[in-house]
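Colleague: Submitted below is the structure of interest, expressed as structure tokens.
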Amino acid sequence: MAGPLWPRTRRGSTDEALITSVYEEHGHALLAYATRLTGDRAAAEDVVQETLLRAWRHSEALVNGKGSVRGWLLTVARNIITDRYRAKAARPPEVSGAAAAPPVEVDHADSVVDTMTVLGALDRLTPEHRDVLTELYYRECSVAEAADRLGIPAGTVKSRAHYALKALREVFADGAREGNRSKRSGRPPQQPGGLREVVA
Amino acid sequence: MSRQRHEEELLGPYVLGVLDEADVRRVEEHVGDCVQCREEVAALREMERALGEVPAEAFLDGPPQGGDLLLRRTLRQVRSERAALARRRYGLAGLAAAAALAAVFWAGTQLGTGGSGNVAQAPPPSPAVSPAPSAVPGTRVASATDRGTGSRMTVQVVPAAAWVRVHAAVTGVPPGERCRLVVVSRDGTRSTAGGWVVGTAENGEGKGASLDGSAAVAAADVKEVLVENEAGKTFVSVPVRA
């Protein structure tokens with residue numbers, strides 16, 4: 001029967017387009033992160049695959065909140081790794097089991113939400129503010145290196161870093177007021193319940 | 001006075017740990033007898049801790065290096081999950097048909113035939129605890145940043161009967177701009193899915209906006225979604241793949 005086959009094929013191609021676009025935009029970040037946490041490229045690829053599948057099943061969760069899409073994906077990946085690690089730890093120890101260090105902190109209940117929120121907040125900074133924090137904090141550059149990479153004087157790197165942190169605080173305070181979820185201003189706001197459910 | 005101001009700007013780099021020893025000493029001396037700056041340091045430290053929630057890898061862009069084997073593997077799994085889902089659905093339909101047959105004909109032979117057919121169609125037992133996909137099939141998500149304007153949009157396009165729902169999150173547009181969310185179809189037709197005026201954040205920059213809209217364009221015909229002001233200046237455009 002040709003009838004029902006046609007819409008299914010079309011639906012298939014859009015599903016695949018969704019996964020392909022997520023993969024092409026976020027795949028590098030996801031795989032690098034999962035590789036560091038698992039210490040194993042093959043295991044990391046499995047984690048990324050599962051993360052993409054969850055993104056496909058819950059595509060509505062990708063853009064429903066203040067958090068960023070990438071933060072959502074990274075959080076899902078981390079939770080998959082943590083759950084697998086927990087599952088392993090729950091089994092009786094194997095005789096020859098390597099006493100590897102825990103790949104991730106086990107208790108991530110609170111930080112789960114924050115990767116998304118913080119990345120979402122960083123997205124809302126100006127590119128100048130975001131760049132200076134990326135260089136100094138995430139790339140661990142010195143002031144001189146950051147000045148060189150960004151093409152601005154060292155003094156500007158310092159003052160810009162200061163105002164970037166202040167702007168970040170404003171974004172959080174703003175989000176907390178908007179969402180009316182956090183009583184203490186300056187605290188990262190919590191995500192809506194639905195998102196937490198999907199991610200946890 | 002100017003010295004005071006200069007000190008204040010050092011507090012951010014101080015909590016980030018990027019100052020040299022001489023500057024660190026100056027900040028600590030000053031903070032020692034300035035309550036205001038001490039509180040500022042505490043508040044900024046909380047932001048520094050927040051940054052720690054984001055892994056450094058979050059700033060890598062693009063697909064993984066080394067081929068798309070992983071992508072192809074994932075797409076294969078999606079196809080097989082979808083097939084399993086379809087089988088399950090047909091299985092249920094078969095069950096309903098069998099019940100209807102049984103009610104109408106009351107015939108043991110009919111029931112038997114329907115029953116064995118269902119057994120053959122039942123999905124294989126799966127240990128996966130995958131929840132049923134709650135998304136509308138064919139939903140597409142895409143995002144883009146405009147290098148020129150610095151504006152950013154993530155957009156979700158959800159197919160309806162012969163039109164689409166559009167959910168967009170837009171940041172980086174200057175305050176006061178009167179914006180339109182426009183859906184562009186493959187033949188170049190433009191449909192406005194909504195509009196808003198960019199608010200002012202406390203730091204003087206434009207507030208991000210989260211919008212829901214719709215357009216009378218079939219999902220398969222959506223080429224891109226863009227944000228422009230009333231004068232027609234485009235802030236960011238997100239291509240949407242078919």
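Starting from 1 in every chain, residues are counted up; chains themselves are A, B, ... following the order of the structure tokens, and ligands are numbered from 1 as listed.
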Residues of chain A within 7 Å of chain B, using only C-alpha atoms, as number ranges by chain?
Modeller: A: 11, 14-18, 21, 23-29, 31-33, 45, 49, 57-60, 63, 111, 114-115, 118-119, 124, 127, 137-138, 142-143, 158-159, 161-162, 165, 167, 169-170
Colleague: Just the number, please: distance in Å from CA of Gly232 (chain B) to CA of Ala162 (chain B), one decimal.
Modeller: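 We find that CA of Gly232 (chain B) and CA of Ala162 (chain B) lie 27.2 Å from each other.
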Colleague: Leaving out Ala216 (chain B) and any residue of its chain fewer than 3 positions from it, which residues lie within 10 Å of it when counting only C-alpha atoms, given as a PyMOL selection string?
Modeller: chain B and resi 160-165+183+185+190-193+219
Colleague: Using C-alpha atoms, can you write the selected residues to a file as a short mmCIF file (atom, residue, chain, number, x, y, z; two decimals), in the first residue's frame?
Modeller:
```
data_model
loop_
_atom_site.label_atom_id
_atom_site.label_comp_id
_atom_site.auth_asym_id
_atom_site.auth_seq_id
_atom_site.Cartn_x
_atom_site.Cartn_y
_atom_site.Cartn_z
CA ALA B 160 0.34 21.40 12.30
CA ALA B 161 -2.18 20.28 9.65
CA ALA B 162 -0.94 22.43 6.75
CA TRP B 163 0.74 25.15 8.78
CA VAL B 164 3.38 25.50 11.50
CA ARG B 165 3.72 26.59 15.09
CA VAL B 183 8.75 32.61 8.35
CA SER B 185 8.92 29.62 2.61
CA ARG B 190 7.18 35.76 3.82
CA SER B 191 4.66 35.25 6.64
CA THR B 192 4.85 37.20 9.87
CA ALA B 193 4.49 34.80 12.80
CA ALA B 219 6.20 22.52 7.58
#
```
Colleague: Expressed in Å to a single decimal, how great is the separation between CA of Arg84 (chain A) and CA of Asp40 (chain A)?
Modeller: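 For CA of Arg84 (chain A) relative to CA of Asp40 (chain A), the distance reads 13.6 Å.
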Colleague: Just list as a VMD selection string whatever in region 32-82 of chain A DSSP marks as alpha helix (DSSP H).
Modeller: chain A and resid 32 to 38 41 to 57 69 to 82
Colleague: What is the distance, in Å and to one decimal place, between CA of Leu125 (chain A) and CA of Arg180 (chain B)?
Modeller: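 Separation of CA of Leu125 (chain A) and CA of Arg180 (chain B): 22.0 Å.
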